[in-house]
Each structure stands twice: as C-alpha cells, then as structure tokens.
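All remarks here apply to the structure that follows.
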Amino acid sequence: MPGRRAHTVIRRTLLIFFTTLLLLLLAVVGTVFVILRGPSRDAQELLTRSLKETSAIGFIPDLFLPKARVEEILAYKEEPVTESAATDASLVTISARRSASDSAQPLPGEESAPAQEQPGRDLGGGLRLVDITGPNYRGVMMIVEDPTRVFVGTPEHFGSYGRTLEQMVEDYDAIAGINAGGFYDPNGTGNGGIPEGIVITDGVLTWGDPGDVTSIVGFDGDGVLHVGSMSAQAALDRGVRWACSFGPALIVNGEPEHGRQITESTVNPRTAIGQRADGAVLLLVVDGRQISSIGASFEDLIRIFLEYGAVNAGNLDGGSSSKMLYEGEALNENASVIGTRPLPTSFLVRRLGQ
C-alpha cells in the first residue's frame, strides 16, 4: 500500500505541474494573440519589433500577422547601409597605461577624486565593475582603463561550430569577456560558427569580403574604438586591428545617433561597448526577458553611455547571447533557456602582463 500511495502522490504532482505549465503557456499565447491581433497598432508594432530583434523567437509574429504587415513594420531595417562618418581618433587621448600597482592613481590630466566618488567596485589591475539600473532594466558595466587589453576572441576556425563565451575566455586565458558580433542563426538554431559581416583579428581580415559595407565595432592599434558603417578595407585602412560586425552605432564622435533604428528599437537583453575620452573601455551587458529586468532599448544604452562619459559606442549582439564573465564567473543573468550559446566572436580582456 505505501508504494501505491507514493505512486498516486507522484502522479498527482506531475498532473498539477503540467496543468500549471499548460495554463501558463496558454496565458502567454493568449496575451501575444491579443497584442498582435488587437486594435492597438502601436502595441502590435512594438511587440513585433521586439520579437524580431531576436532570432530565437523571431518567428512568433509570423504566426499571427500577414507577411506584408510584418514587412511593413520592419521596413526601416531595409534601408541601404552606406559608409558613415569616420571616428575622430583625436577625441580619445590614451596618455598612459595603468598597472596593478598604480591603478588607484589618476592618469595625467585627470582630477584626483575621493575613493567614495569613484563608481562601482574596484577589481584591481585597472578594472572596475559598476551596477547599472533603470526603470525597466538592470545590468553591469566593466570599465577597462587600458584599451589595448581589449581584443576579439574567435574559434580556431569559422564555419563549423562556435565557442561559448566561457570556452573563449579559457582558450585565451582572458580575465574577462563579453559576447560580440552577430552570426547566422535561422530561427535560433545556428551553431555560432558563421559570423555575420566581417571579422578582423590582429590586423587580418579573417572573415568577410573586403568591399562589403557593414556596421562594425573595433579597435585600432592605439586602442581607439571605431564604430559605424564601413567596408572591411576601409576599416583596415583606418588601422583597425580587432573588429566584428553588428550595430547600430550608438554614439559617434561625442554625438548620440538618432536614426529610425535607434528610435524604433524596443526592450531586449543588450550587449554594447563604448569608450571614454581618456581611452577607458566601457563593456556593458543589460539583462532582459525577466520580471526584474525586461530589457533596454538603444536609447537606454545611449543614456547609460553618455552618463559614463562615452565619446563613441556601438551595439553588439544581444538577446540570448548577452553575457559577461569575470574570472570565470557570470556577472549577469543570461536570457537563454538552453544555456550559453556558441559564438563566433567575443570581446575579451587580457590579464596584466599578457
């Protein structure tokens, strides 16, 4: 009899669990249906753009809306990509390098400020961690004082399988890292092995066509961040040594961008990168698709970067790829329900002395 009772309890528990799961699923589907097929075109457009910004669940609007309506909502994405204004490297002055022994001292030309006025937590070795909060989101920013420590990490070969951020950090023995460029990901099933656009590693074009114009994010040999739309050859001609493709550019030469891609963006998990006038690199990851952090728009990212003094900044791949690691520890809540995704590129931070 005890065995029969235990069997009955397990069966009832499983029944309650799956019934609850089914009801939650029906509630979500019902909510999506009401928004996408309801009377509010603004709500319909907002949800469609939000879902279409991610490959994993981007197919959902196609289940409820005619193809022509989805294309109409996303028409701003079809605008041709043309080369944008070049980054003005003179706005960034990398006047010195900090080491673990002098990281608490101001760089030449900086005003000395009390320790309590410095944002975030000092990790030592020229790294600082700042918690980022907003009305609908939370995230984390890592400030890397020496920009020449930031580089692009990749798998050994493109075309087969990518590497998770954890694997790339371990491959390069990096102290920290974030996900970087986009990749071929039909319906969220990509294996991270095929980058979108171009990849430049150590001054060599390792993926893409030299003449294709894409939105890139990358560093030149002096550690100056370049953002905007350009061909791979134009990037190489500007001295870019480490780069990947994604976008849009958020801040260019001290001025925030205002195009439709910026103003019509919705809230999602985000990864982005920026640089201050003193050369310090700002690595930013914002959580999304959670009760406590719905996500951030591009305009939110611009506000954050301006608050922390960025003169240039660019958006990177987000969604279920958004992640930041420091010494092997995840510093944010990744939105992926299937674990860390394999990637073709990452922005990694070298350890001191490497």
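All residue names refer to the structure tokens as shown: chains lettered A, B, ... in order, residues numbered from 1 in each chain, ligands numbered from 1 in order.
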
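Neighbouring residues of A:Glu257 at 12 Å or closer, counting only C-alpha atoms and skipping chain neighbours under 3 positions away, are A:Ser84, A:Ala85, A:Val227, A:Gly228, A:Gly247, A:Pro248, A:Ala249, A:Leu250, A:Ile251, A:Val252, A:Asn253, A:Gly254, A:Arg260, A:Gln261, A:Ile262, A:Thr263, A:Phe298, A:Glu299, A:Leu301, A:Ile302, A:Arg303, A:Leu306, A:Val311, A:Asn312, A:Ala313, A:Gly314, A:Asn315.
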
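Each of A:Thr133, A:Thr214, A:Thr271, A:Thr148 was compared to A:Ala180 using only C-alpha atoms, and A:Thr271 turns out to be the nearest.
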
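Compared by their closest atoms to A:Ala176, and using only C-alpha atoms, the residues A:Phe305, A:Val92, A:Asp212, A:Val152 rank with A:Val152 nearest.
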
Quick one: everything within 7 Å of A:Val217, counting only C-alpha atoms, minus sequence neighbours fewer than 4 positions away in the same chain. Send it as a ChimeraX atom specification.
-> /A:226-227,243-246,314

Take the residues from that selection and put them in a file with all heavy atoms, as a short mmCIF file (atom, residue, chain, number, x, y, z; two decimals), in the first residue's frame.
```
data_model
loop_
_atom_site.label_atom_id
_atom_site.label_comp_id
_atom_site.auth_asym_id
_atom_site.auth_seq_id
_atom_site.Cartn_x
_atom_site.Cartn_y
_atom_site.Cartn_z
N HIS A 226 36.50 52.27 -32.91
CA HIS A 226 35.87 52.77 -34.13
C HIS A 226 34.50 52.12 -34.28
O HIS A 226 34.37 50.89 -34.16
CB HIS A 226 36.72 52.44 -35.36
CG HIS A 226 38.03 53.16 -35.40
ND1 HIS A 226 38.31 54.17 -36.29
CD2 HIS A 226 39.16 53.00 -34.65
CE1 HIS A 226 39.53 54.62 -36.10
NE2 HIS A 226 40.08 53.91 -35.10
N VAL A 227 33.46 52.93 -34.53
CA VAL A 227 32.11 52.41 -34.72
C VAL A 227 31.50 53.06 -35.95
O VAL A 227 31.88 54.17 -36.34
CB VAL A 227 31.21 52.69 -33.49
CG1 VAL A 227 31.73 51.97 -32.26
CG2 VAL A 227 31.09 54.19 -33.22
N ALA A 243 38.03 43.67 -34.89
CA ALA A 243 36.69 44.16 -35.19
C ALA A 243 35.74 43.02 -35.52
O ALA A 243 36.15 41.93 -35.94
CB ALA A 243 36.72 45.15 -36.36
N CYS A 244 34.45 43.29 -35.33
CA CYS A 244 33.39 42.38 -35.75
C CYS A 244 32.22 43.24 -36.22
O CYS A 244 32.24 44.47 -36.10
CB CYS A 244 32.96 41.47 -34.60
SG CYS A 244 32.33 42.37 -33.17
N SER A 245 31.21 42.59 -36.78
CA SER A 245 30.06 43.33 -37.32
C SER A 245 28.85 43.20 -36.41
O SER A 245 28.48 42.10 -36.00
CB SER A 245 29.70 42.79 -38.71
OG SER A 245 30.67 43.16 -39.66
N PHE A 246 28.27 44.32 -36.11
CA PHE A 246 26.95 44.43 -35.51
C PHE A 246 26.63 45.91 -35.43
O PHE A 246 27.37 46.74 -35.93
CB PHE A 246 26.85 43.75 -34.14
CG PHE A 246 25.49 43.12 -33.92
CD1 PHE A 246 25.14 41.98 -34.58
CD2 PHE A 246 24.54 43.72 -33.09
CE1 PHE A 246 23.88 41.40 -34.42
CE2 PHE A 246 23.29 43.15 -32.91
CZ PHE A 246 22.96 41.99 -33.58
N GLY A 314 28.97 51.43 -29.54
CA GLY A 314 28.25 50.64 -30.53
C GLY A 314 27.53 49.47 -29.90
O GLY A 314 28.00 48.89 -28.91
#
```

Can you list, as a VMD selection string, every protein, DNA or RNA residue that comes within 12 Å of A:Leu343 when you count only C-alpha atoms, leaving out same-chain residues fewer than 4 positions away?
-> chain A and resid 152 to 169 178 to 185 190 to 196 244 317 to 318 320 to 323 347

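Straight-line separation from atom CA of A:Asn332 to atom CA of A:Gly288: 10.0 Å.
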
Alpha helix (DSSP H) per DSSP on the backbone: members of stretch 61-258 of chain A, as a PyMOL selection string | chain A and resi 61-64+67-73+165-171+232-237

Check stretch 78-307 of chain A with DSSP on the backbone and list each residue it calls strand (DSSP E or B), as a ChimeraX atom specification.
-> /A:121-124,127-133,138-144,150-153,163,176-179,183,195,199-201,204-207,213-220,225-231,240-245,249-252,255-256,268,270-276,281-286,296

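Using only C-alpha atoms, the nearest neighbour of A:Gly177 within the list A:Pro147, A:Gly328, A:Gly120, A:Gly139 is A:Gly328.
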
Residue with smallest distance to A:Gly203 - pool A:Arg276, A:Tyr172, A:Gly259, A:Leu236, counting only C-alpha atoms | A:Leu236

If you count only C-alpha atoms, which residues fall within 10 Å of A:Pro135, apart from same-chain ones fewer than 3 positions away, as a ChimeraX atom specification?
-> /A:138,292-296,300

Filtering to N, CA and C atoms, could you give me those residues as a compact mmCIF listing (two decimals), in the first residue's frame?
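Once written, again_14.txt looks like this:
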```
# COMPACT_ATOMS: atom_id res chain seq x y z
N ARG A 138 18.15 46.09 -15.41
CA ARG A 138 19.36 46.11 -14.59
C ARG A 138 20.47 45.49 -15.43
N SER A 292 12.28 41.10 -13.23
CA SER A 292 13.01 42.20 -12.60
C SER A 292 13.79 43.05 -13.60
N SER A 293 13.89 42.60 -14.84
CA SER A 293 14.62 43.35 -15.87
C SER A 293 14.07 42.97 -17.24
N ILE A 294 13.15 43.79 -17.74
CA ILE A 294 12.52 43.50 -19.02
C ILE A 294 13.52 43.63 -20.16
N GLY A 295 14.38 44.63 -20.06
CA GLY A 295 15.39 44.86 -21.08
C GLY A 295 15.55 46.34 -21.36
N ALA A 296 16.45 46.67 -22.29
CA ALA A 296 16.76 48.06 -22.60
C ALA A 296 16.61 48.31 -24.10
N ASP A 300 18.04 53.70 -24.34
CA ASP A 300 18.50 53.45 -22.97
C ASP A 300 20.02 53.29 -22.93
```

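Of the listed residues (A:Gly353, A:Pro344, A:Gly319, A:Gly223), A:Gly223 comes nearest to A:Arg241; the distances count only C-alpha atoms.
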
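Between atom CA of A:Gln290 and atom CA of A:Ala335 lies a distance of 7.8 Å.
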
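Among the candidate residues A:Tyr137, A:Phe17, A:Trp207, A:Tyr326, the one lying nearest to A:Pro269 is A:Tyr137, with distances computed using only C-alpha atoms.
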